[in-house]
$ cat upload17.cif   # mmCIF, C-alpha atoms
data_entry
loop_
_atom_site.label_atom_id
_atom_site.label_comp_id
_atom_site.auth_asym_id
_atom_site.auth_seq_id
_atom_site.Cartn_x
_atom_site.Cartn_y
_atom_site.Cartn_z
CA MET O 768 -27.26 27.95 32.04
CA ALA O 769 -25.66 26.88 35.29
CA THR O 770 -26.20 23.38 36.50
CA GLY O 771 -25.28 23.62 40.16
CA ARG O 772 -26.21 21.07 42.75
CA ASP O 773 -29.16 23.03 44.10
CA GLU O 774 -30.46 23.94 40.70
CA GLN O 775 -30.44 20.31 39.71
CA ARG O 776 -32.49 19.42 42.74
CA THR O 777 -34.92 22.29 42.89
CA GLY O 778 -35.14 23.33 39.28
CA ALA O 779 -34.78 26.97 40.32
CA PRO O 780 -32.34 28.90 38.12
CA MET O 781 -29.22 30.25 39.80
CA GLY O 782 -27.90 33.76 39.42
CA PRO O 783 -24.19 34.40 38.72
CA GLU O 784 -23.51 35.17 42.39
CA ASP O 785 -25.17 31.94 43.48
CA GLU O 786 -23.19 30.12 40.87
CA ARG O 787 -19.92 31.58 42.10
CA VAL O 788 -20.63 30.65 45.74
CA GLU O 789 -21.75 27.21 44.68
CA ARG O 790 -18.49 26.74 42.78
CA LEU O 791 -16.38 27.95 45.70
CA LEU O 792 -18.17 25.62 48.09
CA GLY O 793 -17.79 22.78 45.61
CA GLU O 794 -14.04 23.40 45.50
CA LEU O 795 -13.66 22.67 49.18
CA ARG O 796 -12.14 19.26 49.39
CA GLN O 797 -12.94 16.71 52.03
CA ALA O 798 -10.19 16.94 54.59
CA GLU O 799 -8.39 13.68 55.16
CA LEU O 800 -8.00 12.27 58.64
CA PRO O 801 -4.48 12.45 60.09
CA PRO O 802 -2.48 9.23 60.24
CA PHE O 803 -3.71 6.83 62.90
CA TYR O 804 -6.59 9.08 63.94
CA ARG O 805 -9.07 6.21 63.82
CA GLU O 806 -6.72 3.80 65.60
CA ARG O 807 -6.07 6.29 68.37
CA LEU O 808 -9.76 7.08 68.69
CA LEU O 809 -10.68 3.41 68.91
CA ALA O 810 -7.97 2.85 71.53
CA ARG O 811 -9.37 5.73 73.56
CA LEU O 812 -12.91 4.39 73.24
CA ARG O 813 -11.82 0.91 74.32
CA GLY O 814 -9.95 2.35 77.31
CA ASP O 815 -12.95 4.45 78.26
CA ALA O 816 -15.27 1.44 78.00
CA ALA O 817 -12.94 -0.67 80.12
CA GLY O 818 -12.69 2.06 82.76
CA ARG O 819 -16.46 2.38 82.91
CA THR O 820 -16.93 -1.37 83.24
CA ARG O 821 -14.43 -1.45 86.08
CA ALA O 822 -16.05 1.52 87.83
CA GLY O 823 -19.47 -0.04 87.32
CA LEU O 824 -18.33 -3.30 88.85
CA LEU O 825 -16.87 -1.52 91.85
CA ARG O 826 -20.18 0.24 92.40
CA SER O 827 -22.29 -2.82 91.71
CA PRO O 828 -24.50 -3.82 94.68
CA ARG O 829 -24.63 -7.37 93.32
CA LEU O 830 -20.87 -7.62 93.43
CA ALA O 831 -20.82 -6.23 96.96
CA TRP O 832 -23.33 -8.87 98.04
CA ALA O 833 -21.35 -11.60 96.29
CA VAL O 834 -18.13 -10.50 98.02
CA ALA O 835 -19.91 -10.43 101.38
CA ALA O 836 -21.36 -13.89 100.79
CA VAL O 837 -17.94 -15.33 99.89
CA ALA O 838 -16.38 -13.69 102.95
CA VAL O 839 -19.05 -15.15 105.25
CA ALA O 840 -18.61 -18.59 103.68
CA ALA O 841 -14.82 -18.39 104.05
CA LEU O 842 -15.16 -17.33 107.68
CA ALA O 843 -17.51 -20.25 108.34
CA VAL O 844 -14.96 -22.68 106.85
CA VAL O 845 -12.13 -21.19 108.90
CA LEU O 846 -14.18 -21.37 112.09
CA ALA O 847 -15.19 -24.95 111.39
CA ARG O 848 -11.58 -26.04 110.78
CA GLY O 849 -10.35 -24.06 113.74
CA GLY O 850 -12.96 -25.74 115.90
CA ARG O 851 -11.62 -29.17 114.98
CA GLN O 852 -7.90 -28.48 114.95
CA ALA O 853 -7.03 -25.49 117.06
CA PRO O 854 -9.63 -24.44 119.56
CA ILE O 855 -7.45 -21.66 120.94
CA ALA O 856 -6.00 -19.27 118.44
CA VAL O 857 -2.82 -17.57 119.61
CA PRO O 858 -2.28 -14.23 117.92
CA VAL O 859 1.22 -13.84 116.50
CA ALA O 860 2.73 -10.51 115.54
CA PRO O 861 3.29 -10.61 111.78
CA GLN O 862 6.80 -10.14 110.48
CA ALA O 863 6.81 -8.51 107.14
CA GLU O 864 9.90 -10.34 105.88
CA GLN O 865 8.33 -13.67 106.59
CA VAL O 866 5.03 -13.08 104.85
CA ALA O 867 5.29 -15.43 101.93
CA VAL O 868 2.83 -13.95 99.50
CA GLU O 869 4.22 -16.00 96.68
CA SER O 870 3.09 -19.32 98.04
CA GLU O 871 -0.46 -18.09 98.61
CA VAL O 872 -0.90 -16.15 95.42
CA VAL O 873 -2.10 -17.53 92.16
CA ALA O 874 0.06 -15.79 89.54
CA PRO O 875 -2.20 -13.04 88.19
CA ARG O 876 -2.75 -12.03 84.62
CA ILE O 877 -1.72 -8.57 83.51
CA ASP O 878 -3.66 -7.28 80.53
CA PRO O 879 -2.28 -4.18 78.81
CA MET O 880 -5.29 -2.05 77.95
CA LEU O 881 -3.80 1.27 76.93
CA PRO O 882 -1.89 1.73 74.78
CA GLN O 883 -2.44 -1.68 73.30
CA GLY O 884 0.64 -3.65 72.26
CA ASN O 885 2.25 -2.09 69.17
CA ALA O 886 -0.38 0.66 69.09
CA VAL O 887 0.49 3.95 67.44
CA VAL O 888 -0.65 7.01 69.35
CA GLY O 889 -0.05 10.76 69.38
CA GLY O 890 2.84 11.83 71.58
CA GLY O 891 0.58 13.87 73.86
CA GLN O 892 -2.12 11.26 73.99
CA VAL O 893 -0.44 8.55 75.99
CA GLU O 894 -2.34 6.99 78.84
CA ILE O 895 -1.15 3.74 80.30
CA VAL O 896 -3.67 1.34 81.76
CA ALA O 897 -3.27 -2.33 82.64
CA ALA O 898 -5.67 -4.63 84.44
CA ILE O 899 -4.57 -7.23 86.97
CA THR O 900 -6.80 -10.26 87.43
CA PRO O 901 -7.53 -11.58 89.91
CA PRO O 902 -6.90 -8.54 92.12
CA LEU O 903 -3.68 -8.92 94.00
CA GLU O 904 -3.33 -7.76 97.60
CA GLY O 905 -0.06 -7.61 99.42
CA ALA O 906 2.26 -7.59 96.42
CA VAL O 907 4.69 -4.97 95.18
CA ILE O 908 3.84 -3.60 91.77
CA ARG O 909 6.25 -1.45 89.74
CA LEU O 910 5.59 0.41 86.52
CA LEU O 911 8.50 1.26 84.27
CA VAL O 912 8.24 3.38 81.17
CA ASP O 913 11.30 3.30 78.96
CA GLU O 914 13.14 1.70 81.89
CA GLU O 915 12.32 4.59 84.20
CA ASP O 916 10.40 3.71 87.35
CA VAL O 917 7.25 5.86 87.42
CA THR O 918 5.37 3.86 90.02
CA GLY O 919 5.25 6.83 92.37
CA LEU O 920 3.42 8.89 89.77
CA ALA O 921 1.00 6.14 88.80
CA GLU O 922 -2.25 5.01 90.35
CA VAL O 923 -1.59 1.46 91.45
CA THR O 924 -4.30 -0.66 93.04
CA ALA O 925 -4.83 -4.37 93.55
CA ASP O 926 -6.55 -4.70 90.20
CA TYR O 927 -5.17 -2.04 87.90
CA VAL O 928 -2.28 0.27 87.10
CA MET O 929 -3.01 3.63 85.55
CA TYR O 930 -0.57 6.35 84.57
CA THR O 931 -0.94 9.56 82.61
CA PRO O 932 2.45 11.09 81.87
CA GLY O 933 2.83 14.76 82.60
CA GLU O 934 4.93 15.33 79.50
CA ARG O 935 4.57 14.62 75.85
CA PHE O 936 6.38 11.51 74.64
CA ALA O 937 9.12 11.86 72.08
CA GLU O 938 8.29 10.35 68.74
CA GLY O 939 9.26 6.70 68.39
CA GLU O 940 9.19 3.39 70.18
CA HIS O 941 8.44 3.12 73.90
CA VAL O 942 8.54 0.22 76.32
CA ILE O 943 6.20 -0.36 79.24
CA THR O 944 7.08 -2.90 81.90
CA ILE O 945 4.97 -3.95 84.85
CA GLU O 946 6.65 -6.06 87.49
CA ILE O 947 4.86 -7.82 90.29
CA ARG O 948 6.92 -9.11 93.22
CA ASP O 949 5.99 -10.57 96.56
CA ARG O 950 7.17 -8.73 99.63
CA ALA O 951 10.30 -10.82 99.76
CA GLY O 952 11.16 -9.63 96.27
CA ASN O 953 10.33 -12.85 94.48
CA LYS O 954 8.99 -12.48 91.00
CA ILE O 955 5.32 -13.20 90.58
CA ARG O 956 4.73 -11.85 87.11
CA ASP O 957 6.40 -9.46 84.65
CA ILE O 958 5.03 -8.13 81.45
CA THR O 959 6.51 -5.87 78.81
CA TRP O 960 4.87 -4.34 75.77
CA LEU O 961 5.72 -1.75 73.17
CA PHE O 962 3.89 1.16 71.66
CA TYR O 963 4.82 3.88 69.23
CA THR O 964 4.20 7.61 69.24
CA VAL O 965 3.90 9.90 66.28
CA ASP O 966 3.97 13.63 66.22
CA GLY O 967 1.79 15.78 64.07
CA HIS O 968 -1.32 15.71 66.19
CA ARG O 969 -2.08 17.89 69.13
CA ALA O 970 -3.62 16.26 72.15
CA PRO O 971 -7.04 17.62 73.17
CA ASP O 972 -5.78 18.45 76.66
CA GLU O 973 -2.94 20.48 75.20
CA ARG O 974 -5.33 22.84 73.52
CA VAL O 975 -6.69 24.27 76.74
CA MET N 105 -30.21 -3.95 63.87
CA LYS N 106 -27.85 -1.62 65.70
CA PRO N 107 -24.31 -1.72 64.30
CA ASP N 108 -21.34 -2.30 66.53
CA PHE N 109 -20.07 1.04 67.82
CA GLU N 110 -16.62 0.60 66.31
CA GLU N 111 -18.27 0.02 62.95
CA LEU N 112 -20.03 3.34 63.42
CA VAL N 113 -16.69 5.01 64.06
CA ALA N 114 -15.19 3.51 60.92
CA ARG N 115 -18.20 4.52 58.85
CA TYR N 116 -18.60 8.11 60.04
CA ASP N 117 -15.31 9.40 61.48
CA LYS N 118 -14.21 11.24 58.34
CA ARG N 119 -17.69 12.63 57.68
CA LEU N 120 -18.07 13.88 61.23
CA VAL N 121 -14.61 15.48 61.21
CA ASN N 122 -15.47 17.26 57.98
CA VAL N 123 -18.78 18.53 59.31
CA MET N 124 -17.03 19.78 62.44
CA TYR N 125 -14.37 21.36 60.25
CA GLY N 126 -17.09 23.22 58.40
CA LEU N 127 -18.73 24.40 61.61
CA THR N 128 -15.54 25.55 63.30
CA GLY N 129 -13.32 26.46 60.35
CA ASP N 130 -10.42 24.90 62.29
CA TYR N 131 -9.10 21.45 61.46
CA ASP N 132 -7.53 20.75 64.87
CA ASP N 133 -10.71 21.78 66.65
CA ALA N 134 -12.67 19.55 64.30
CA LEU N 135 -10.54 16.52 65.16
CA ASP N 136 -10.91 17.16 68.88
CA LEU N 137 -14.63 17.78 68.66
CA ALA N 138 -15.27 14.66 66.61
CA GLU N 139 -13.26 12.63 69.10
CA GLU N 140 -15.18 14.06 72.06
CA ALA N 141 -18.43 13.43 70.23
CA PHE N 142 -17.54 9.78 69.67
CA VAL N 143 -16.64 9.34 73.34
CA SER N 144 -19.97 10.90 74.40
CA ALA N 145 -21.82 8.85 71.81
CA MET N 146 -20.28 5.61 73.01
CA ARG N 147 -21.41 6.37 76.55
CA ALA N 148 -24.93 6.97 75.28
CA TYR N 149 -24.97 4.13 72.76
CA ASP N 150 -26.94 1.73 74.97
CA GLY N 151 -29.79 4.23 74.86
CA PHE N 152 -29.70 4.53 71.07
CA ARG N 153 -32.45 2.31 69.74
CA GLY N 154 -31.16 2.19 66.21
CA ASP N 155 -34.38 3.32 64.56
CA ALA N 156 -32.95 6.75 63.66
CA ASP N 157 -30.17 7.24 61.15
CA PRO N 158 -26.92 6.78 63.13
CA PHE N 159 -25.30 9.81 61.53
CA THR N 160 -28.24 12.02 62.53
CA TRP N 161 -27.88 10.79 66.09
CA LEU N 162 -24.09 11.25 66.05
CA TYR N 163 -24.39 14.68 64.52
CA ARG N 164 -26.72 15.90 67.27
CA ILE N 165 -24.28 14.71 69.91
CA ALA N 166 -21.40 16.39 68.06
CA VAL N 167 -23.30 19.66 67.81
CA ASN N 168 -23.96 19.57 71.55
CA VAL N 169 -20.27 18.99 72.20
CA PHE N 170 -19.46 21.86 69.83
CA LYS N 171 -21.90 24.24 71.57
CA LYS N 172 -20.58 23.34 75.00
CA ARG N 173 -17.01 23.93 73.81
CA HIS N 174 -18.06 27.20 72.21
CA ARG N 175 -19.60 28.44 75.46
CA ARG N 176 -16.49 27.41 77.38
CA GLN N 177 -14.25 29.20 74.90
CA ALA N 178 -16.37 32.32 75.09
CA ARG N 179 -15.98 32.33 78.87
CA ARG N 180 -12.25 31.75 78.55
CA ALA N 181 -11.94 34.50 75.96
CA ALA N 182 -13.63 36.88 78.37
CA LEU N 183 -11.13 35.92 81.05
CA TRP N 184 -8.21 36.40 78.68
CA ARG N 185 -9.35 39.69 77.30
CA ASP N 186 -7.23 41.67 79.74
CA HIS N 187 -4.07 39.74 78.99
CA ALA N 188 -1.76 41.21 76.42
CA GLU N 189 -0.34 38.02 74.98
CA GLN N 190 -2.21 35.13 73.53
CA ASP N 191 -1.02 32.13 71.60
CA PRO N 192 -1.28 32.59 67.87
CA PRO N 193 -4.21 30.71 66.37
CA PRO N 194 -3.27 27.31 64.98
CA SER N 195 -3.09 26.90 61.25
CA ALA N 196 -6.25 25.36 59.91
CA GLU N 197 -5.13 24.28 56.49
CA TRP N 198 -1.71 22.75 56.80
CA ARG N 199 -2.91 19.18 56.84
CA THR N 200 -5.29 19.33 53.92
CA PRO N 201 -4.20 17.63 50.70
CA ALA N 202 -1.50 19.39 48.77
CA LEU N 203 -3.20 22.47 47.45
CA ASP N 204 -1.30 25.21 45.78
CA ALA N 205 -1.04 28.48 47.64
CA VAL N 206 -3.87 30.19 45.80
CA GLU N 207 -6.28 27.34 46.25
CA ARG N 208 -5.32 27.01 49.88
CA GLU N 209 -5.87 30.69 50.47
CA ARG N 210 -9.21 30.60 48.72
CA ALA N 211 -10.32 27.49 50.62
CA ALA N 212 -9.32 29.10 53.91
CA ALA N 213 -11.31 32.23 53.03
CA VAL N 214 -14.38 30.20 52.14
CA ARG N 215 -14.12 28.11 55.29
CA ALA N 216 -13.68 31.22 57.43
CA ALA N 217 -16.71 32.79 55.77
CA VAL N 218 -18.79 29.66 56.36
CA ALA N 219 -17.66 29.53 59.99
CA GLY N 220 -18.74 33.17 60.29
CA LEU N 221 -22.34 32.53 59.23
CA ARG N 222 -25.06 32.52 61.83
CA GLU N 223 -25.80 29.07 63.17
CA PRO N 224 -28.83 27.84 61.23
CA TYR N 225 -27.35 28.96 57.91
CA ARG N 226 -23.91 27.63 58.70
CA GLU N 227 -25.33 24.28 59.77
CA ALA N 228 -27.38 23.91 56.59
CA ILE N 229 -24.49 24.93 54.32
CA VAL N 230 -22.00 22.66 56.08
CA LEU N 231 -24.25 19.64 55.95
CA ARG N 232 -25.10 20.26 52.32
CA TYR N 233 -21.63 21.00 50.95
CA MET N 234 -19.22 19.38 53.37
CA SER N 235 -21.17 16.30 54.26
CA ASP N 236 -23.08 15.87 51.02
CA ALA N 237 -26.36 15.45 52.89
CA SER N 238 -29.70 15.59 51.07
CA TYR N 239 -32.34 18.18 51.98
CA GLU N 240 -34.31 15.44 53.72
CA GLU N 241 -31.29 14.39 55.79
CA ILE N 242 -30.57 17.99 56.76
CA ALA N 243 -34.21 18.46 57.72
CA ALA N 244 -34.04 15.36 59.95
CA VAL N 245 -30.77 16.43 61.56
CA THR N 246 -31.79 20.03 62.20
CA ARG N 247 -35.41 19.15 63.02
CA CYS N 248 -37.05 21.48 60.56
CA SER N 249 -38.94 21.18 57.28
CA VAL N 250 -37.36 20.61 53.89
CA GLY N 251 -38.67 24.03 52.82
CA THR N 252 -36.87 25.70 55.70
CA VAL N 253 -33.67 23.85 54.77
CA LYS N 254 -33.86 25.09 51.18
CA SER N 255 -34.52 28.61 52.35
CA ARG N 256 -31.59 28.51 54.79
CA ILE N 257 -29.23 27.23 52.13
CA ALA N 258 -30.32 29.90 49.67
CA ARG N 259 -29.97 32.65 52.25
CA GLY N 260 -26.70 31.19 53.54
CA LYS N 261 -25.24 31.28 50.06
CA ALA N 262 -26.37 34.86 49.57
CA MET N 263 -24.65 35.82 52.84
CA LEU N 264 -21.52 33.95 51.77
CA GLY N 265 -21.52 35.83 48.50
CA ARG N 266 -21.45 39.12 50.39
CA LEU N 267 -18.83 37.89 52.88
CA LEU N 268 -16.54 36.71 50.12
CA GLU N 269 -16.94 39.72 47.91
CA GLY N 270 -13.52 41.10 46.97
CA LYS N 271 -11.74 38.33 48.88
CA VAL N 272 -11.70 35.49 46.39
#

$ encode --input "upload17.cif" --output "structure tokens"
Amino acid sequence: MATGRDEQRTGAPMGPEDERVERLLGELRQAELPPFYRERLLARLRGDAAGRTRAGLLRSPRLAWAVAAVAVAALAVVLARGGRQAPIAVPVAPQAEQVAVESEVVAPRIDPMLPQGNAVVGGGQVEIVAAITPPLEGAVIRLLVDEEDVTGLAEVTADYVMYTPGERFAEGEHVITIEIRDRAGNKIRDITWLFYTVDGHRAPDERV
Amino acid sequence: MKPDFEELVARYDKRLVNVMYGLTGDYDDALDLAEEAFVSAMRAYDGFRGDADPFTWLYRIAVNVFKKRHRRQARRAALWRDHAEQDPPPSAEWRTPALDAVERERAAAVRAAVAGLREPYREAIVLRYMSDASYEEIAAVTRCSVGTVKSRIARGKAMLGRLLEGKV
């Protein structure tokens, strides 16, 4: 008498054909996940969550009102000071070389978001994202991947750097560097981090 | 209490991949689909109240992702029909644990046969044998009665028997 899984549960006897199919299905082993599948998935989920938070903030009416309120307050302070010290403002043509961003800028923080430092990802899965806080206007930002300047191919804004390489990365160690300089070329902040790529997993976008 | 989403990933990633593997018969597709399902699930997680079984909820999302992909592939296949050359299909079994050639061949035949079943039967068989779900869990996931689940499994197995006849 066969004692297959369904027979045990239902009590109904199984025929030989049922038994054979049951045995074949039982032989199927649980497929293992490929190396670093979970790590890569979690990194993607974290990157997606961070992107959504950022997009949500940019769309947030509250934030817009807060920015407007700060701008109005700042304008009021400037007008009040101007009224006391310089009643007539003389416009001066700005000279790019003389704009000293460095002295006015609080050195920002650069947070690598994707890939995270020392992360292991599939070679076709690389997306590079870093957040800059506070947002930095008027600075020169460069992105280097394995010492190659890819700034022109990246999306660079005042508060983030995002780059999706067009080609699959070779397996191994890779270095990302983000440099922030003022317009005079003075260093404001540099950051470098490493990640690793493994082969053996096809990227979803490569399947199409 | 609702678990942290990353905890959900750690708890169910392998199970979801295996269920998707059963539905598609293709390991690479299964990995992609499970990943897409987790991304969609994370976006919807705020709306998940936590009173349903998380795997049931995840599974429904994954099946929706699978159906969407299936429709897209069907459209693409129609577009490609006139083209002479197509990429060879990727190997489904190369990453499974070291099986000998006969076992591998047999497993591939069984998986292909399962993937060839009509949807309600395939779903019931996959959940039962590749995810080790109880009849009650399958009934909750597929939104039907336990009796219907048992009937689908019995009929699914009968169909598999015919599909596999002379092959394994």

$ resolve_selection --input "upload17.cif" --expression "the PyMOL selection byres ((chain N) within 7 of (chain O))" --output "MDAnalysis selection string"
chainID N and resid 118 122 136 139 143 200 211 233:234 261:262 264:265

$ resolve_selection --input "upload17.cif" --expression "the PyMOL selection byres ((chain O and resi 926) around 6)" --output "number ranges by chain"
O: 898-899, 902, 924-925, 927

$ atom_distance --input "upload17.cif" --atom1 "CA of Glu938 in chain O" --atom2 "CA of Val121 in chain N"
24.6 Å

$ residues_around --input "upload17.cif" --residues "Thr128 in chain N" --least-positions-apart "4" --cutoff "9 Å" --atoms "all atoms listed in the file" --output "ChimeraX atom specification"
/N:123-124,133-134,170,215-216,218-220

$ write_last_selection --input "upload17.cif" --atoms "C-alpha atoms" --output "PDB file, keeping the file's coordinate frame"
ATOM      1  CA  VAL N 123     -18.780  18.530  59.310  1.00  0.00           C
ATOM      2  CA  MET N 124     -17.030  19.780  62.440  1.00  0.00           C
ATOM      3  CA  ASP N 133     -10.710  21.780  66.650  1.00  0.00           C
ATOM      4  CA  ALA N 134     -12.670  19.550  64.300  1.00  0.00           C
ATOM      5  CA  PHE N 170     -19.460  21.860  69.830  1.00  0.00           C
ATOM      6  CA  ARG N 215     -14.120  28.110  55.290  1.00  0.00           C
ATOM      7  CA  ALA N 216     -13.680  31.220  57.430  1.00  0.00           C
ATOM      8  CA  VAL N 218     -18.790  29.660  56.360  1.00  0.00           C
ATOM      9  CA  ALA N 219     -17.660  29.530  59.990  1.00  0.00           C
ATOM     10  CA  GLY N 220     -18.740  33.170  60.290  1.00  0.00           C
TER      11      GLY N 220
END

$ resolve_selection --input "upload17.cif" --expression "the PyMOL selection byres ((chain O and resi 893) around 12)" --output "VMD selection string"
chain O and resid 807 to 808 810 to 811 814 880 to 883 886 to 892 894 to 896 912 929 to 938 941 943 962 to 966 969 to 972

$ atom_distance --input "upload17.cif" --atom1 "CA of Arg876 in chain O" --atom2 "CA of Ile958 in chain O"
9.3 Å

$ residues_near_point --input "upload17.cif" --point "(-26.5, 7.8, 71.5)" --cutoff "12 Å" --atoms "only C-alpha atoms" --output "list of chain:residue names"
N:Lys106, N:Phe109, N:Leu112, N:Ala141, N:Phe142, N:Val143, N:Ser144, N:Ala145, N:Met146, N:Arg147, N:Ala148, N:Tyr149, N:Asp150, N:Gly151, N:Phe152, N:Arg153, N:Gly154, N:Asp155, N:Ala156, N:Asp157, N:Pro158, N:Phe159, N:Thr160, N:Trp161, N:Leu162, N:Tyr163, N:Arg164, N:Ile165, N:Ala166

$ closest_residue --input "upload17.cif" --among "N:Val206, N:Val167, N:Val272, N:Ala243" --to "Arg256 in chain N" --atoms "only C-alpha atoms"
N:Ala243

$ atom_distance --input "upload17.cif" --atom1 "CA of Tyr239 in chain N" --atom2 "CA of Lys271 in chain N"
29.0 Å
